[in-house]
$ cat model_20.pdb   # PDB, C-alpha atoms
ATOM      1  CA  ASP A   1      91.073  90.865 104.318
ATOM      2  CA  THR A   2      89.968  93.797 106.451
ATOM      3  CA  GLY A   3      93.169  95.746 105.974
ATOM      4  CA  VAL A   4      95.581  97.261 108.475
ATOM      5  CA  SER A   5      93.743  99.219 111.154
ATOM      6  CA  GLN A   6      95.262 102.063 113.181
ATOM      7  CA  ASP A   7      93.835 103.842 116.185
ATOM      8  CA  PRO A   8      93.362 106.677 116.817
ATOM      9  CA  ARG A   9      93.241 108.471 113.450
ATOM     10  CA  HIS A  10      94.197 111.766 115.047
ATOM     11  CA  LYS A  11      95.836 112.634 118.339
ATOM     12  CA  ILE A  12      96.375 116.150 119.656
ATOM     13  CA  THR A  13      98.379 116.506 122.836
ATOM     14  CA  LYS A  14     100.495 118.985 124.761
ATOM     15  CA  ARG A  15     104.253 118.874 124.714
ATOM     16  CA  GLY A  16     105.604 116.622 127.423
ATOM     17  CA  GLN A  17     102.663 114.217 127.480
ATOM     18  CA  ASN A  18     102.885 110.508 126.659
ATOM     19  CA  VAL A  19     100.927 109.049 123.745
ATOM     20  CA  THR A  20     100.251 105.499 122.604
ATOM     21  CA  PHE A  21      99.108 104.323 119.179
ATOM     22  CA  ARG A  22      97.724 100.949 118.232
ATOM     23  CA  CYS A  23      98.055  98.956 115.012
ATOM     24  CA  ASP A  24      96.078  95.854 114.087
ATOM     25  CA  PRO A  25      97.686  94.110 111.106
ATOM     26  CA  ILE A  26      95.985  91.925 108.548
ATOM     27  CA  SER A  27      95.168  88.772 110.500
ATOM     28  CA  GLU A  28      97.447  86.277 108.750
ATOM     29  CA  HIS A  29     100.425  88.644 108.524
ATOM     30  CA  ASN A  30     103.291  87.891 110.881
ATOM     31  CA  ARG A  31     105.432  90.896 109.945
ATOM     32  CA  LEU A  32     104.634  94.384 111.207
ATOM     33  CA  TYR A  33     106.381  97.692 110.514
ATOM     34  CA  TRP A  34     106.155 101.235 111.867
ATOM     35  CA  TYR A  35     107.043 104.283 109.779
ATOM     36  CA  ARG A  36     106.896 108.024 110.381
ATOM     37  CA  GLN A  37     105.927 110.528 107.712
ATOM     38  CA  THR A  38     106.422 114.271 108.131
ATOM     39  CA  LEU A  39     104.746 116.853 105.921
ATOM     40  CA  GLY A  40     106.050 116.821 102.368
ATOM     41  CA  GLN A  41     108.293 113.813 102.930
ATOM     42  CA  GLY A  42     108.125 110.111 102.286
ATOM     43  CA  PRO A  43     107.656 107.628 105.122
ATOM     44  CA  GLU A  44     110.772 106.787 107.162
ATOM     45  CA  PHE A  45     111.270 103.382 108.734
ATOM     46  CA  LEU A  46     111.119 103.176 112.542
ATOM     47  CA  THR A  47     110.978  99.510 113.529
ATOM     48  CA  TYR A  48     110.028  95.991 112.407
ATOM     49  CA  PHE A  49     108.555  92.933 114.141
ATOM     50  CA  GLN A  50     108.415  89.339 113.019
ATOM     51  CA  ASN A  51     105.764  87.766 115.222
ATOM     52  CA  GLU A  52     106.517  89.154 118.705
ATOM     53  CA  ALA A  53     110.232  89.710 118.109
ATOM     54  CA  GLN A  54     111.442  93.238 117.370
ATOM     55  CA  LEU A  55     114.130  92.549 114.780
ATOM     56  CA  GLU A  56     115.211  96.006 113.641
ATOM     57  CA  LYS A  57     115.118  99.536 115.026
ATOM     58  CA  SER A  58     116.014 102.721 113.218
ATOM     59  CA  ARG A  59     118.279 105.360 114.721
ATOM     60  CA  LEU A  60     115.195 107.591 114.439
ATOM     61  CA  LEU A  61     113.696 105.603 117.307
ATOM     62  CA  SER A  62     115.060 107.549 120.262
ATOM     63  CA  ASP A  63     114.875 106.391 123.885
ATOM     64  CA  ARG A  64     111.512 108.143 124.184
ATOM     65  CA  PHE A  65     109.979 105.737 121.681
ATOM     66  CA  SER A  66     109.043 102.162 122.463
ATOM     67  CA  ALA A  67     107.164  99.624 120.384
ATOM     68  CA  GLU A  68     105.725  96.299 121.432
ATOM     69  CA  ARG A  69     103.935  93.380 119.869
ATOM     70  CA  PRO A  70     103.345  91.165 122.885
ATOM     71  CA  LYS A  71     101.402  88.302 121.332
ATOM     72  CA  GLY A  72     102.492  88.655 117.748
ATOM     73  CA  SER A  73      99.193  90.207 116.735
ATOM     74  CA  PHE A  74      98.509  93.920 117.375
ATOM     75  CA  SER A  75     101.311  96.364 118.122
ATOM     76  CA  THR A  76     101.593  99.563 120.139
ATOM     77  CA  LEU A  77     103.933 102.502 119.648
ATOM     78  CA  GLU A  78     104.445 104.733 122.679
ATOM     79  CA  ILE A  79     106.116 108.130 122.687
ATOM     80  CA  GLN A  80     107.090 109.501 126.085
ATOM     81  CA  ARG A  81     107.606 113.184 126.891
ATOM     82  CA  THR A  82     106.469 114.285 123.438
ATOM     83  CA  GLU A  83     108.284 117.118 121.665
ATOM     84  CA  GLN A  84     107.229 119.457 118.855
ATOM     85  CA  GLY A  85     109.368 117.490 116.426
ATOM     86  CA  ASP A  86     107.288 114.368 117.049
ATOM     87  CA  SER A  87     104.388 115.882 115.095
ATOM     88  CA  ALA A  88     103.943 113.569 112.118
ATOM     89  CA  MET A  89     101.834 110.828 110.606
ATOM     90  CA  TYR A  90     102.688 107.429 112.111
ATOM     91  CA  LEU A  91     102.088 104.596 109.662
ATOM     92  CA  CYS A  92     101.817 100.895 110.327
ATOM     93  CA  ALA A  93     102.248  98.210 107.685
ATOM     94  CA  SER A  94     102.068  94.443 107.685
ATOM     95  CA  SER A  95     103.141  91.658 105.366
ATOM     96  CA  SER A  96     103.131  87.892 105.144
ATOM     97  CA  GLU A  97     106.160  85.663 105.378
ATOM     98  CA  GLU A  98     104.732  83.268 102.833
ATOM     99  CA  GLY A  99     105.847  83.579  99.236
ATOM    100  CA  ARG A 100     108.423  85.840  97.629
ATOM    101  CA  ASP A 101     108.161  89.593  97.643
ATOM    102  CA  ARG A 102     104.946  89.846  99.571
ATOM    103  CA  PRO A 103     104.096  93.557  99.599
ATOM    104  CA  GLN A 104     103.649  95.607 102.723
ATOM    105  CA  HIS A 105     100.052  96.745 103.264
ATOM    106  CA  PHE A 106      99.717 100.127 104.928
ATOM    107  CA  GLY A 107      97.125 101.465 107.321
ATOM    108  CA  ASP A 108      95.689 104.977 107.068
ATOM    109  CA  GLY A 109      97.970 106.212 109.814
ATOM    110  CA  THR A 110      97.693 108.131 113.083
ATOM    111  CA  ARG A 111      98.290 111.848 112.771
ATOM    112  CA  LEU A 112      99.990 113.268 115.871
ATOM    113  CA  SER A 113      99.916 117.002 116.569
ATOM    114  CA  ILE A 114     101.923 118.415 119.481
ATOM    115  CA  LEU A 115     100.719 121.761 120.843
TER
ATOM    116  CA  GLY B   1     123.584 104.415 102.375
ATOM    117  CA  ASP B   2     120.648 103.544 100.173
ATOM    118  CA  SER B   3     118.397 106.358  99.015
ATOM    119  CA  VAL B   4     115.728 107.332  96.502
ATOM    120  CA  THR B   5     115.466 110.674  94.719
ATOM    121  CA  GLN B   6     112.396 111.692  92.769
ATOM    122  CA  MET B   7     111.366 114.816  90.938
ATOM    123  CA  GLU B   8     109.850 117.533  93.022
ATOM    124  CA  GLY B   9     106.253 118.466  92.594
ATOM    125  CA  PRO B  10     103.706 119.563  92.250
ATOM    126  CA  VAL B  11     103.189 118.345  88.727
ATOM    127  CA  THR B  12     100.087 119.706  87.036
ATOM    128  CA  LEU B  13      98.852 118.253  83.751
ATOM    129  CA  SER B  14      95.739 118.357  81.634
ATOM    130  CA  GLU B  15      93.614 115.249  81.254
ATOM    131  CA  GLU B  16      94.918 112.835  78.565
ATOM    132  CA  ALA B  17      98.452 114.287  78.764
ATOM    133  CA  PHE B  18     101.533 112.039  78.940
ATOM    134  CA  LEU B  19     103.044 111.630  82.390
ATOM    135  CA  THR B  20     106.628 111.014  83.446
ATOM    136  CA  ILE B  21     107.777 111.168  87.069
ATOM    137  CA  ASN B  22     111.515 110.668  87.370
ATOM    138  CA  CYS B  23     113.054 108.465  90.036
ATOM    139  CA  THR B  24     116.677 107.508  90.611
ATOM    140  CA  TYR B  25     118.132 105.409  93.376
ATOM    141  CA  THR B  26     121.392 104.709  95.173
ATOM    142  CA  ALA B  27     121.789 101.163  96.427
ATOM    143  CA  THR B  28     124.580  99.041  97.834
ATOM    144  CA  GLY B  29     122.980  95.830  96.519
ATOM    145  CA  TYR B  30     120.220  94.754  94.153
ATOM    146  CA  PRO B  31     116.914  95.928  95.555
ATOM    147  CA  SER B  32     113.371  95.600  94.336
ATOM    148  CA  LEU B  33     111.861  98.893  93.205
ATOM    149  CA  PHE B  34     108.342 100.146  93.807
ATOM    150  CA  TRP B  35     105.915 102.939  93.108
ATOM    151  CA  TYR B  36     103.383 103.618  95.851
ATOM    152  CA  VAL B  37     100.427 105.976  95.494
ATOM    153  CA  GLN B  38      98.541 107.928  98.144
ATOM    154  CA  TYR B  39      95.135 109.196  97.007
ATOM    155  CA  PRO B  40      93.575 112.082  98.952
ATOM    156  CA  GLY B  41      92.344 110.886 102.342
ATOM    157  CA  GLU B  42      93.586 107.329 101.796
ATOM    158  CA  GLY B  43      96.535 105.194 102.888
ATOM    159  CA  LEU B  44      99.571 104.212 100.839
ATOM    160  CA  GLN B  45      98.899 101.624  98.159
ATOM    161  CA  LEU B  46     101.357  99.654  96.077
ATOM    162  CA  LEU B  47     100.970 100.738  92.450
ATOM    163  CA  LEU B  48     103.611  98.583  90.759
ATOM    164  CA  LYS B  49     106.935  96.908  91.354
ATOM    165  CA  ALA B  50     109.955  95.410  89.594
ATOM    166  CA  THR B  51     112.304  92.941  91.251
ATOM    167  CA  LYS B  52     115.316  92.846  88.928
ATOM    168  CA  ALA B  53     117.074  94.760  86.197
ATOM    169  CA  ASP B  54     115.090  95.253  82.945
ATOM    170  CA  ASP B  55     111.837  94.124  84.608
ATOM    171  CA  LYS B  56     108.835  96.298  83.772
ATOM    172  CA  GLY B  57     106.147  96.818  86.366
ATOM    173  CA  SER B  58     102.691  97.878  85.214
ATOM    174  CA  ASN B  59      99.274  98.559  86.708
ATOM    175  CA  LYS B  60      96.284 100.793  85.905
ATOM    176  CA  GLY B  61      98.002 102.060  82.744
ATOM    177  CA  PHE B  62     101.152 103.080  84.627
ATOM    178  CA  GLU B  63     104.529 101.544  83.747
ATOM    179  CA  ALA B  64     108.067 101.704  85.083
ATOM    180  CA  THR B  65     111.195  99.842  83.961
ATOM    181  CA  TYR B  66     114.055  98.906  86.304
ATOM    182  CA  ARG B  67     117.164 100.402  84.665
ATOM    183  CA  LYS B  68     120.290  99.248  86.447
ATOM    184  CA  GLU B  69     122.660 101.101  84.116
ATOM    185  CA  THR B  70     121.080 104.465  84.903
ATOM    186  CA  THR B  71     119.845 103.486  88.409
ATOM    187  CA  SER B  72     116.405 104.735  87.457
ATOM    188  CA  PHE B  73     112.767 103.664  87.748
ATOM    189  CA  HIS B  74     110.764 106.401  86.025
ATOM    190  CA  LEU B  75     106.961 106.236  86.199
ATOM    191  CA  GLU B  76     105.030 106.789  82.962
ATOM    192  CA  LYS B  77     101.441 106.847  81.801
ATOM    193  CA  GLY B  78     100.293 107.576  78.286
ATOM    194  CA  SER B  79      97.038 109.364  79.099
ATOM    195  CA  VAL B  80      96.317 110.606  82.604
ATOM    196  CA  GLN B  81      92.868 111.037  84.124
ATOM    197  CA  VAL B  82      91.574 113.338  86.839
ATOM    198  CA  SER B  83      91.307 110.276  89.093
ATOM    199  CA  ASP B  84      95.119 109.868  88.912
ATOM    200  CA  SER B  85      95.547 112.980  91.066
ATOM    201  CA  ALA B  86      97.523 111.772  94.083
ATOM    202  CA  VAL B  87     100.981 111.730  95.660
ATOM    203  CA  TYR B  88     103.348 109.185  94.117
ATOM    204  CA  PHE B  89     106.295 107.679  96.016
ATOM    205  CA  CYS B  90     109.222 105.837  94.492
ATOM    206  CA  ALA B  91     110.775 103.297  96.854
ATOM    207  CA  LEU B  92     113.220 100.429  97.218
ATOM    208  CA  SER B  93     113.504  97.378  99.429
ATOM    209  CA  TYR B  94     115.787  94.353  99.600
ATOM    210  CA  SER B  95     113.193  91.760 100.501
ATOM    211  CA  SER B  96     109.662  91.341 101.711
ATOM    212  CA  ALA B  97     111.054  91.203 105.248
ATOM    213  CA  SER B  98     112.984  94.423 104.863
ATOM    214  CA  LYS B  99     112.205  98.067 105.466
ATOM    215  CA  ILE B 100     111.138 100.184 102.527
ATOM    216  CA  ILE B 101     113.143 103.305 101.703
ATOM    217  CA  PHE B 102     110.915 105.966 100.165
ATOM    218  CA  GLY B 103     111.545 109.052  98.094
ATOM    219  CA  SER B 104     110.015 112.333  99.187
ATOM    220  CA  GLY B 105     106.948 111.991  96.965
ATOM    221  CA  THR B 106     105.616 113.854  93.928
ATOM    222  CA  ARG B 107     102.187 115.439  94.039
ATOM    223  CA  LEU B 108     100.302 115.067  90.752
ATOM    224  CA  SER B 109      97.265 117.170  89.896
ATOM    225  CA  ILE B 110      95.259 116.558  86.728
ATOM    226  CA  ARG B 111      93.029 119.306  85.320
ATOM    227  CA  PRO B 112      89.803 118.263  83.568
TER
END

$ encode --input "model_20.pdb" --output "structure tokens"
Amino acid sequence: DTGVSQDPRHKITKRGQNVTFRCDPISEHNRLYWYRQTLGQGPEFLTYFQNEAQLEKSRLLSDRFSAERPKGSFSTLEIQRTEQGDSAMYLCASSSEEGRDRPQHFGDGTRLSIL
Amino acid sequence: GDSVTQMEGPVTLSEEAFLTINCTYTATGYPSLFWYVQYPGEGLQLLLKATKADDKGSNKGFEATYRKETTSFHLEKGSVQVSDSAVYFCALSYSSASKIIFGSGTRLSIRP
């Protein structure tokens, strides 16, 4: 169990640029989640995949956001035309379908700063 | 909609003091309840959980009891250590396939 891996750890970009983050879940986990955490707040749910299917999207996920998990393994989260309000920590989590109440395991996150 | 409210921080205590962090929830159904912890420079970790009313979750000396009648899940520890300094999040979820709804977090600092 190598844990959930996120890349990059930090991203600084100018307003209006596009950014893409990557998440590698724990290898046997078929469920993958993205959350966003702003300073002083708890994480807020963005979207959820089971294998390659995106099953739920939050209203927080505007048209500028898109997430993919093409082969049911790693996932990417892209933000187009970034805005100041997108500055946050983006967290990825994964869990297994097997067994009841399998917990979500979180990565260390990607911190996005918009200049 | 569903939500979690927890006491605002920061909370500062001396080592070996008793800790309580209050958490209440609003839910349309019967969720599982969790406490997550985020140590400095680290990712979120599950601390403990309870899946039904009157269940008690415990781990590392921390305890919390699922109280349906008061919609609460308060975190307690009898004697805190400096190493317990972290941000603690109360949360709820309806299943392992479901999103987690988090509170805003409580920062705990323990003085030696």

$ resolve_selection --input "model_20.pdb" --expression "the PyMOL selection byres ((chain A and resi 12) around 9)" --output "PyMOL selection string"
chain A and resi 10-11+13-14+111-115

$ resolve_selection --input "model_20.pdb" --expression "the PyMOL selection byres ((chain A and resi 23-35) around 10)" --output "PyMOL selection string"
(chain A and resi 1-8+21-22+36-37+42-54+56-58+60+67+69+72-77+89-98+104-107+109-110) or (chain B and resi 96-100)

$ resolve_selection --input "model_20.pdb" --expression "the PyMOL selection byres ((chain B and resi 10) around 10)" --output "VMD selection string"
chain B and resid 7 to 9 11 to 13 87 105 to 109

$ interface_residues --input "model_20.pdb" --of "chain B" --to "chain A" --cutoff "6 Å" --atoms "all atoms listed in the file" --output "ChimeraX atom specification"
/B:43-44,96,102-105

$ atom_distance --input "model_20.pdb" --atom1 "CA of Phe34 in chain B" --atom2 "CA of Arg59 in chain A"
23.7 Å

$ atom_distance --input "model_20.pdb" --atom1 "CA of Thr26 in chain B" --atom2 "CA of Asp2 in chain B"
5.2 Å

$ axis_aligned_box --input "model_20.pdb" --around "range 15-25 of chain B" --padding-each-side "4 Å" --output "JSON"
{"center_x": 105.9, "center_y": 110.3, "center_z": 86.0, "size_x": 32.5, "size_y": 17.8, "size_z": 22.8}

$ atom_distance --input "model_20.pdb" --atom1 "CA of Ala27 in chain B" --atom2 "CA of Asn59 in chain B"
24.7 Å

$ closest_residue --input "model_20.pdb" --among "B:Tyr25, B:Tyr36, B:Tyr30, B:Phe62" --to "Glu76 in chain B" --atoms "all atoms listed in the file"
B:Phe62

$ residues_near_point --input "model_20.pdb" --point "(117.1, 92.9, 87.5)" --cutoff "10 Å" --atoms "only C-alpha atoms" --output "CSV table (one decimal) with C-alpha atoms, in the frame of the given file"
chain,number,residue,atom,x,y,z
B,30,TYR,CA,120.2,94.8,94.2
B,31,PRO,CA,116.9,95.9,95.6
B,32,SER,CA,113.4,95.6,94.3
B,33,LEU,CA,111.9,98.9,93.2
B,50,ALA,CA,110.0,95.4,89.6
B,51,THR,CA,112.3,92.9,91.3
B,52,LYS,CA,115.3,92.8,88.9
B,53,ALA,CA,117.1,94.8,86.2
B,54,ASP,CA,115.1,95.3,82.9
B,55,ASP,CA,111.8,94.1,84.6
B,56,LYS,CA,108.8,96.3,83.8
B,65,THR,CA,111.2,99.8,84.0
B,66,TYR,CA,114.1,98.9,86.3
B,67,ARG,CA,117.2,100.4,84.7
B,68,LYS,CA,120.3,99.2,86.4

$ closest_residue --input "model_20.pdb" --among "B:Ala64, B:Pro112, B:Cys90, B:Leu48" --to "Gly78 in chain B" --atoms "only C-alpha atoms"
B:Ala64

$ build_atoms --input "model_20.pdb" --residues "range 43-54 of chain A" --atoms "all heavy atoms" --output "PDB file, keeping the file's coordinate frame"
ATOM      1  N   PRO A  43     107.560 108.341 103.839  1.00  0.00           N
ATOM      2  CA  PRO A  43     107.656 107.628 105.122  1.00  0.00           C
ATOM      3  C   PRO A  43     109.100 107.198 105.420  1.00  0.00           C
ATOM      4  O   PRO A  43     109.849 106.837 104.507  1.00  0.00           O
ATOM      5  CB  PRO A  43     106.766 106.406 104.906  1.00  0.00           C
ATOM      6  CG  PRO A  43     105.835 106.781 103.798  1.00  0.00           C
ATOM      7  CD  PRO A  43     106.632 107.684 102.915  1.00  0.00           C
ATOM      8  N   GLU A  44     109.453 107.241 106.712  1.00  0.00           N
ATOM      9  CA  GLU A  44     110.772 106.787 107.162  1.00  0.00           C
ATOM     10  C   GLU A  44     110.583 105.619 108.131  1.00  0.00           C
ATOM     11  O   GLU A  44     109.756 105.699 109.042  1.00  0.00           O
ATOM     12  CB  GLU A  44     111.510 107.919 107.879  1.00  0.00           C
ATOM     13  CG  GLU A  44     111.847 109.092 106.992  1.00  0.00           C
ATOM     14  CD  GLU A  44     112.437 110.230 107.807  1.00  0.00           C
ATOM     15  OE1 GLU A  44     111.700 110.800 108.635  1.00  0.00           O
ATOM     16  OE2 GLU A  44     113.634 110.525 107.629  1.00  0.00           O
ATOM     17  N   PHE A  45     111.374 104.594 107.936  1.00  0.00           N
ATOM     18  CA  PHE A  45     111.270 103.382 108.734  1.00  0.00           C
ATOM     19  C   PHE A  45     111.631 103.652 110.186  1.00  0.00           C
ATOM     20  O   PHE A  45     112.618 104.339 110.487  1.00  0.00           O
ATOM     21  CB  PHE A  45     112.220 102.331 108.154  1.00  0.00           C
ATOM     22  CG  PHE A  45     112.384 101.107 108.993  1.00  0.00           C
ATOM     23  CD1 PHE A  45     111.413 100.127 109.013  1.00  0.00           C
ATOM     24  CD2 PHE A  45     113.528 100.934 109.751  1.00  0.00           C
ATOM     25  CE1 PHE A  45     111.576  98.986 109.782  1.00  0.00           C
ATOM     26  CE2 PHE A  45     113.706  99.803 110.527  1.00  0.00           C
ATOM     27  CZ  PHE A  45     112.725  98.823 110.546  1.00  0.00           C
ATOM     28  N   LEU A  46     110.821 103.082 111.114  1.00  0.00           N
ATOM     29  CA  LEU A  46     111.119 103.176 112.542  1.00  0.00           C
ATOM     30  C   LEU A  46     111.536 101.829 113.119  1.00  0.00           C
ATOM     31  O   LEU A  46     112.577 101.715 113.756  1.00  0.00           O
ATOM     32  CB  LEU A  46     109.903 103.701 113.305  1.00  0.00           C
ATOM     33  CG  LEU A  46     109.481 105.140 113.040  1.00  0.00           C
ATOM     34  CD1 LEU A  46     108.239 105.482 113.846  1.00  0.00           C
ATOM     35  CD2 LEU A  46     110.616 106.102 113.364  1.00  0.00           C
ATOM     36  N   THR A  47     110.694 100.794 112.917  1.00  0.00           N
ATOM     37  CA  THR A  47     110.978  99.510 113.529  1.00  0.00           C
ATOM     38  C   THR A  47     110.180  98.401 112.852  1.00  0.00           C
ATOM     39  O   THR A  47     109.211  98.666 112.123  1.00  0.00           O
ATOM     40  CB  THR A  47     110.708  99.532 115.041  1.00  0.00           C
ATOM     41  OG1 THR A  47     111.217  98.329 115.637  1.00  0.00           O
ATOM     42  CG2 THR A  47     109.205  99.639 115.332  1.00  0.00           C
ATOM     43  N   TYR A  48     110.593  97.152 113.087  1.00  0.00           N
ATOM     44  CA  TYR A  48     110.028  95.991 112.407  1.00  0.00           C
ATOM     45  C   TYR A  48     109.935  94.826 113.382  1.00  0.00           C
ATOM     46  O   TYR A  48     110.867  94.559 114.141  1.00  0.00           O
ATOM     47  CB  TYR A  48     110.917  95.654 111.200  1.00  0.00           C
ATOM     48  CG  TYR A  48     110.874  94.240 110.693  1.00  0.00           C
ATOM     49  CD1 TYR A  48     109.686  93.655 110.288  1.00  0.00           C
ATOM     50  CD2 TYR A  48     112.052  93.486 110.580  1.00  0.00           C
ATOM     51  CE1 TYR A  48     109.658  92.355 109.797  1.00  0.00           C
ATOM     52  CE2 TYR A  48     112.031  92.191 110.088  1.00  0.00           C
ATOM     53  CZ  TYR A  48     110.836  91.634 109.700  1.00  0.00           C
ATOM     54  OH  TYR A  48     110.810  90.351 109.204  1.00  0.00           O
ATOM     55  N   PHE A  49     108.780  94.137 113.350  1.00  0.00           N
ATOM     56  CA  PHE A  49     108.555  92.933 114.141  1.00  0.00           C
ATOM     57  C   PHE A  49     108.302  91.745 113.218  1.00  0.00           C
ATOM     58  O   PHE A  49     107.599  91.863 112.216  1.00  0.00           O
ATOM     59  CB  PHE A  49     107.304  93.087 115.022  1.00  0.00           C
ATOM     60  CG  PHE A  49     107.450  94.062 116.142  1.00  0.00           C
ATOM     61  CD1 PHE A  49     107.227  95.413 115.949  1.00  0.00           C
ATOM     62  CD2 PHE A  49     107.810  93.627 117.417  1.00  0.00           C
ATOM     63  CE1 PHE A  49     107.358  96.311 116.973  1.00  0.00           C
ATOM     64  CE2 PHE A  49     107.931  94.524 118.456  1.00  0.00           C
ATOM     65  CZ  PHE A  49     107.700  95.867 118.240  1.00  0.00           C
ATOM     66  N   GLN A  50     108.849  90.607 113.601  1.00  0.00           N
ATOM     67  CA  GLN A  50     108.415  89.339 113.019  1.00  0.00           C
ATOM     68  C   GLN A  50     107.821  88.550 114.178  1.00  0.00           C
ATOM     69  O   GLN A  50     108.520  88.214 115.126  1.00  0.00           O
ATOM     70  CB  GLN A  50     109.560  88.575 112.373  1.00  0.00           C
ATOM     71  CG  GLN A  50     109.099  87.244 111.805  1.00  0.00           C
ATOM     72  CD  GLN A  50     109.879  86.817 110.587  1.00  0.00           C
ATOM     73  OE1 GLN A  50     110.243  87.626 109.737  1.00  0.00           O
ATOM     74  NE2 GLN A  50     110.153  85.535 110.486  1.00  0.00           N
ATOM     75  N   ASN A  51     106.526  88.291 114.078  1.00  0.00           N
ATOM     76  CA  ASN A  51     105.764  87.766 115.222  1.00  0.00           C
ATOM     77  C   ASN A  51     105.954  88.727 116.388  1.00  0.00           C
ATOM     78  O   ASN A  51     105.750  89.914 116.232  1.00  0.00           O
ATOM     79  CB  ASN A  51     106.185  86.337 115.518  1.00  0.00           C
ATOM     80  CG  ASN A  51     105.937  85.432 114.331  1.00  0.00           C
ATOM     81  OD1 ASN A  51     104.847  85.417 113.756  1.00  0.00           O
ATOM     82  ND2 ASN A  51     106.956  84.681 113.936  1.00  0.00           N
ATOM     83  N   GLU A  52     106.383  88.249 117.563  1.00  0.00           N
ATOM     84  CA  GLU A  52     106.517  89.154 118.705  1.00  0.00           C
ATOM     85  C   GLU A  52     107.922  89.717 118.847  1.00  0.00           C
ATOM     86  O   GLU A  52     108.171  90.569 119.705  1.00  0.00           O
ATOM     87  CB  GLU A  52     106.109  88.443 120.000  1.00  0.00           C
ATOM     88  CG  GLU A  52     107.003  87.276 120.394  1.00  0.00           C
ATOM     89  CD  GLU A  52     106.595  85.974 119.725  1.00  0.00           C
ATOM     90  OE1 GLU A  52     105.772  86.005 118.789  1.00  0.00           O
ATOM     91  OE2 GLU A  52     107.108  84.928 120.136  1.00  0.00           O
ATOM     92  N   ALA A  53     108.836  89.282 118.003  1.00  0.00           N
ATOM     93  CA  ALA A  53     110.232  89.710 118.109  1.00  0.00           C
ATOM     94  C   ALA A  53     110.476  91.003 117.327  1.00  0.00           C
ATOM     95  O   ALA A  53     110.180  91.088 116.134  1.00  0.00           O
ATOM     96  CB  ALA A  53     111.146  88.604 117.590  1.00  0.00           C
ATOM     97  N   GLN A  54     111.066  91.984 118.024  1.00  0.00           N
ATOM     98  CA  GLN A  54     111.442  93.238 117.370  1.00  0.00           C
ATOM     99  C   GLN A  54     112.821  93.038 116.760  1.00  0.00           C
ATOM    100  O   GLN A  54     113.822  92.975 117.482  1.00  0.00           O
ATOM    101  CB  GLN A  54     111.436  94.377 118.388  1.00  0.00           C
ATOM    102  CG  GLN A  54     111.615  95.748 117.768  1.00  0.00           C
ATOM    103  CD  GLN A  54     111.442  96.865 118.795  1.00  0.00           C
ATOM    104  OE1 GLN A  54     111.520  96.648 119.991  1.00  0.00           O
ATOM    105  NE2 GLN A  54     111.192  98.079 118.318  1.00  0.00           N
TER     106      GLN A  54
END
